[in-house]
Structure formats: C-alpha cells, structure tokens
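Have a look at final.pdb below; it lists PDB, C-alpha atoms.
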```
MODEL        1
ATOM      1  CA  MET X   1      15.532 -19.581  -2.221  1.00  0.00           C
ATOM      2  CA  LYS X   2      13.993 -18.920  -5.638  1.00  0.00           C
ATOM      3  CA  TYR X   3      11.756 -16.139  -4.329  1.00  0.00           C
ATOM      4  CA  THR X   4      10.649 -14.451  -1.131  1.00  0.00           C
ATOM      5  CA  PRO X   5       7.986 -16.602   0.577  1.00  0.00           C
ATOM      6  CA  LEU X   6       4.521 -15.077   0.844  1.00  0.00           C
ATOM      7  CA  PRO X   7       2.508 -15.172   4.092  1.00  0.00           C
ATOM      8  CA  LYS X   8       0.862 -18.526   4.836  1.00  0.00           C
ATOM      9  CA  GLU X   9      -2.489 -16.740   5.258  1.00  0.00           C
ATOM     10  CA  LEU X  10      -2.532 -16.052   1.506  1.00  0.00           C
ATOM     11  CA  TYR X  11      -2.419 -19.773   0.712  1.00  0.00           C
ATOM     12  CA  GLN X  12      -5.000 -20.547   3.399  1.00  0.00           C
ATOM     13  CA  GLN X  13      -7.304 -17.930   1.853  1.00  0.00           C
ATOM     14  CA  ASN X  14      -6.723 -19.380  -1.651  1.00  0.00           C
ATOM     15  CA  ARG X  15      -7.684 -22.881  -0.433  1.00  0.00           C
ATOM     16  CA  LYS X  16     -10.756 -21.489   1.297  1.00  0.00           C
ATOM     17  CA  LYS X  17     -11.914 -19.851  -1.971  1.00  0.00           C
ATOM     18  CA  LEU X  18     -11.531 -23.148  -3.852  1.00  0.00           C
ATOM     19  CA  ILE X  19     -13.285 -25.163  -1.141  1.00  0.00           C
ATOM     20  CA  GLU X  20     -16.267 -22.788  -1.239  1.00  0.00           C
ATOM     21  CA  LYS X  21     -16.702 -23.611  -4.946  1.00  0.00           C
ATOM     22  CA  LEU X  22     -16.581 -27.401  -4.529  1.00  0.00           C
ATOM     23  CA  LYS X  23     -19.817 -29.386  -4.522  1.00  0.00           C
ATOM     24  CA  PRO X  24     -20.739 -31.199  -1.282  1.00  0.00           C
ATOM     25  CA  GLY X  25     -18.800 -34.428  -0.858  1.00  0.00           C
ATOM     26  CA  SER X  26     -16.151 -33.398  -3.400  1.00  0.00           C
ATOM     27  CA  VAL X  27     -12.441 -34.100  -3.134  1.00  0.00           C
ATOM     28  CA  ALA X  28      -9.724 -32.092  -4.915  1.00  0.00           C
ATOM     29  CA  ILE X  29      -6.345 -33.700  -5.611  1.00  0.00           C
ATOM     30  CA  LEU X  30      -3.501 -31.601  -7.025  1.00  0.00           C
ATOM     31  CA  ASN X  31      -0.200 -33.094  -8.148  1.00  0.00           C
ATOM     32  CA  SER X  32       3.090 -31.330  -8.679  1.00  0.00           C
ATOM     33  CA  ASN X  33       4.657 -31.266 -12.109  1.00  0.00           C
ATOM     34  CA  ASP X  34       7.141 -33.976 -13.036  1.00  0.00           C
ATOM     35  CA  VAL X  35      10.852 -33.394 -13.384  1.00  0.00           C
ATOM     36  CA  MET X  36      11.260 -33.656 -17.143  1.00  0.00           C
ATOM     37  CA  PRO X  37      14.339 -35.309 -18.669  1.00  0.00           C
ATOM     38  CA  THR X  38      16.289 -33.617 -21.451  1.00  0.00           C
ATOM     39  CA  ASN X  39      18.375 -36.668 -22.321  1.00  0.00           C
ATOM     40  CA  ALA X  40      19.701 -39.827 -20.677  1.00  0.00           C
ATOM     41  CA  ASP X  41      21.569 -37.995 -17.917  1.00  0.00           C
ATOM     42  CA  GLY X  42      19.968 -34.564 -17.600  1.00  0.00           C
ATOM     43  CA  THR X  43      16.734 -32.892 -16.555  1.00  0.00           C
ATOM     44  CA  MET X  44      15.009 -29.618 -17.309  1.00  0.00           C
ATOM     45  CA  ARG X  45      14.699 -27.014 -14.594  1.00  0.00           C
ATOM     46  CA  PHE X  46      11.723 -27.857 -12.341  1.00  0.00           C
ATOM     47  CA  ARG X  47       8.636 -25.655 -12.594  1.00  0.00           C
ATOM     48  CA  GLN X  48       5.794 -26.254 -10.167  1.00  0.00           C
ATOM     49  CA  ASN X  49       2.169 -26.740 -11.225  1.00  0.00           C
ATOM     50  CA  ASN X  50       0.565 -23.271 -10.981  1.00  0.00           C
ATOM     51  CA  ASP X  51      -2.532 -24.537  -9.166  1.00  0.00           C
ATOM     52  CA  LEU X  52      -0.562 -26.407  -6.506  1.00  0.00           C
ATOM     53  CA  LEU X  53       1.744 -23.428  -5.954  1.00  0.00           C
ATOM     54  CA  TYR X  54      -1.248 -21.053  -5.715  1.00  0.00           C
ATOM     55  CA  LEU X  55      -2.968 -23.216  -3.102  1.00  0.00           C
ATOM     56  CA  SER X  56       0.007 -24.317  -1.002  1.00  0.00           C
ATOM     57  CA  GLY X  57       3.108 -22.247  -1.723  1.00  0.00           C
ATOM     58  CA  ILE X  58       5.040 -25.504  -2.093  1.00  0.00           C
ATOM     59  CA  ASP X  59       7.633 -25.502  -4.855  1.00  0.00           C
ATOM     60  CA  GLN X  60       8.865 -29.083  -4.658  1.00  0.00           C
ATOM     61  CA  GLU X  61       8.553 -32.031  -7.000  1.00  0.00           C
ATOM     62  CA  GLU X  62       6.612 -35.169  -5.996  1.00  0.00           C
ATOM     63  CA  THR X  63       4.097 -33.182  -3.943  1.00  0.00           C
ATOM     64  CA  ILE X  64       0.359 -33.920  -3.648  1.00  0.00           C
ATOM     65  CA  LEU X  65      -2.284 -31.701  -2.043  1.00  0.00           C
ATOM     66  CA  LEU X  66      -5.538 -33.416  -1.034  1.00  0.00           C
ATOM     67  CA  LEU X  67      -8.552 -31.277  -0.122  1.00  0.00           C
ATOM     68  CA  ALA X  68     -11.586 -33.087   1.299  1.00  0.00           C
ATOM     69  CA  PRO X  69     -13.641 -30.359   3.018  1.00  0.00           C
ATOM     70  CA  ASP X  70     -16.482 -32.658   4.105  1.00  0.00           C
ATOM     71  CA  CYS X  71     -14.265 -35.325   5.674  1.00  0.00           C
ATOM     72  CA  PRO X  72     -15.553 -36.131   9.196  1.00  0.00           C
ATOM     73  CA  ILE X  73     -11.958 -36.195  10.497  1.00  0.00           C
ATOM     74  CA  LEU X  74     -10.859 -32.554  10.732  1.00  0.00           C
ATOM     75  CA  ALA X  75      -7.148 -33.354  10.395  1.00  0.00           C
ATOM     76  CA  MET X  76      -7.809 -35.078   7.068  1.00  0.00           C
ATOM     77  CA  ARG X  77      -9.591 -32.192   5.338  1.00  0.00           C
ATOM     78  CA  GLU X  78      -6.333 -30.729   4.038  1.00  0.00           C
ATOM     79  CA  VAL X  79      -3.440 -33.162   3.576  1.00  0.00           C
ATOM     80  CA  LEU X  80      -0.091 -32.381   1.978  1.00  0.00           C
ATOM     81  CA  PHE X  81       2.140 -35.243   0.871  1.00  0.00           C
ATOM     82  CA  LEU X  82       5.792 -34.220   0.518  1.00  0.00           C
ATOM     83  CA  ARG X  83       8.939 -36.041  -0.439  1.00  0.00           C
ATOM     84  CA  GLU X  84      11.585 -35.781   2.260  1.00  0.00           C
ATOM     85  CA  THR X  85      13.806 -32.937   1.139  1.00  0.00           C
ATOM     86  CA  ASN X  86      17.538 -32.263   1.134  1.00  0.00           C
ATOM     87  CA  GLU X  87      19.867 -29.675  -0.424  1.00  0.00           C
ATOM     88  CA  HIS X  88      19.786 -31.456  -3.805  1.00  0.00           C
ATOM     89  CA  ILE X  89      16.043 -31.285  -4.472  1.00  0.00           C
ATOM     90  CA  GLY X  90      13.462 -28.468  -4.660  1.00  0.00           C
ATOM     91  CA  ARG X  91      12.888 -25.883  -2.004  1.00  0.00           C
ATOM     92  CA  VAL X  92       9.810 -25.939   0.202  1.00  0.00           C
ATOM     93  CA  GLY X  93       7.689 -22.816   0.653  1.00  0.00           C
ATOM     94  CA  ARG X  94       5.202 -22.175   3.416  1.00  0.00           C
ATOM     95  CA  ALA X  95       1.794 -23.820   3.745  1.00  0.00           C
TER      96      ALA X  95
ENDMDL
END
```
Using structure tokens, write down the structure from this file.
Amino acid sequence: MKYTPLPKELYQQNRKKLIEKLKPGSVAILNSNDVMPTNADGTMRFRQNNDLLYLSGIDQEETILLLAPDCPILAMREVLFLRETNEHIGRVGRA
C-alpha cells in the first residue's frame, strides 16, 4: 500500500461537509485523474485527483464519485464507480 488508510468516518465527514454546501437539487460528480503517457509504451506514475481522494479515500484510476443528496432513492445519493481491480492497477482505499 502507498500509505496507511485513514478511518472511513473521515471520508464520510468530508462528504457531509461538501453536501451541506451544495444548493438544493445539486449533483456533484468527481472524476479520477487520467493515467498520463510518457511515450508510446510508458506511463507516468498515477496521482489521484485531490478532491476525489479527500472525499472517498480511493486511490485508483478510472474512478467516479457521484453525490446527489436530494435523490429520492437513498441508495443513489452517494455512488462510487470503480474499475475492477487487480495487482497490476492502483490500490483501493476505504470509502
């Protein structure tokens, strides 16, 4: 692992602070950073989008966090889209 995972409550609290600042009916969509190429057969080291990492603790490429606090379906108010992982791609933190 790149770093020691922080408690999931920290990320839940961070999302709660953001949601409190959103206007009614708003939706927040956060995308992970791209894996940047260096040349035809290489890539730069992946660095996660600070906002996505702050709100979810997820340090994996091709990740999307959707926050829709006023959605009538409770399960859809916070949705995290992740690429299926393996030992060759980024590590997943806690959310």
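One distance worth recording is that between CA of Leu66 (chain X) and CA of Val27 (chain X), which is 7.2 Å.
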Is there a way to get, as a JSON list (two decimals) with C-alpha atoms, keeping the file's coordinate frame, all residues within 12 Å of the point (-3.7, -37.6, 1.3) in file coordinates, counting only C-alpha atoms?
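Saved as point09.json:
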```
[["chain", "number", "residue", "atom", "x", "y", "z"],
["X", 27, "VAL", "CA", -12.44, -34.10, -3.13],
["X", 28, "ALA", "CA", -9.72, -32.09, -4.92],
["X", 29, "ILE", "CA", -6.34, -33.70, -5.61],
["X", 30, "LEU", "CA", -3.50, -31.60, -7.02],
["X", 31, "ASN", "CA", -0.20, -33.09, -8.15],
["X", 63, "THR", "CA", 4.10, -33.18, -3.94],
["X", 64, "ILE", "CA", 0.36, -33.92, -3.65],
["X", 65, "LEU", "CA", -2.28, -31.70, -2.04],
["X", 66, "LEU", "CA", -5.54, -33.42, -1.03],
["X", 67, "LEU", "CA", -8.55, -31.28, -0.12],
["X", 68, "ALA", "CA", -11.59, -33.09, 1.30],
["X", 71, "CYS", "CA", -14.26, -35.33, 5.67],
["X", 75, "ALA", "CA", -7.15, -33.35, 10.40],
["X", 76, "MET", "CA", -7.81, -35.08, 7.07],
["X", 77, "ARG", "CA", -9.59, -32.19, 5.34],
["X", 78, "GLU", "CA", -6.33, -30.73, 4.04],
["X", 79, "VAL", "CA", -3.44, -33.16, 3.58],
["X", 80, "LEU", "CA", -0.09, -32.38, 1.98],
["X", 81, "PHE", "CA", 2.14, -35.24, 0.87],
["X", 82, "LEU", "CA", 5.79, -34.22, 0.52]]
```
Review point. Could you work out how far CA of Leu18 (chain X) lies from CA of Pro5 (chain X), giving the answer in Å with one decimal?
Key: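 Going from CA of Pro5 (chain X) over to CA of Leu18 (chain X) covers 21.1 Å.
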**Study point:** Nearest residue to Asn14 (chain X) from the set X:Ser56, X:Arg47, X:Pro69, X:Asn33 (distances using only C-alpha atoms)
**Key:**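 Smallest distance to Asn14 (chain X) is found for X:Ser56.
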Review point. Applied to the shown file, which residues does the PyMOL selection byres ((chain X and resi 10) around 12) return, written as a ChimeraX atom specification?
Key: /X:5-9,11-17,53-57,94-95
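Between CA of Asn49 (chain X) and CA of Glu61 (chain X) the separation is 9.3 Å.
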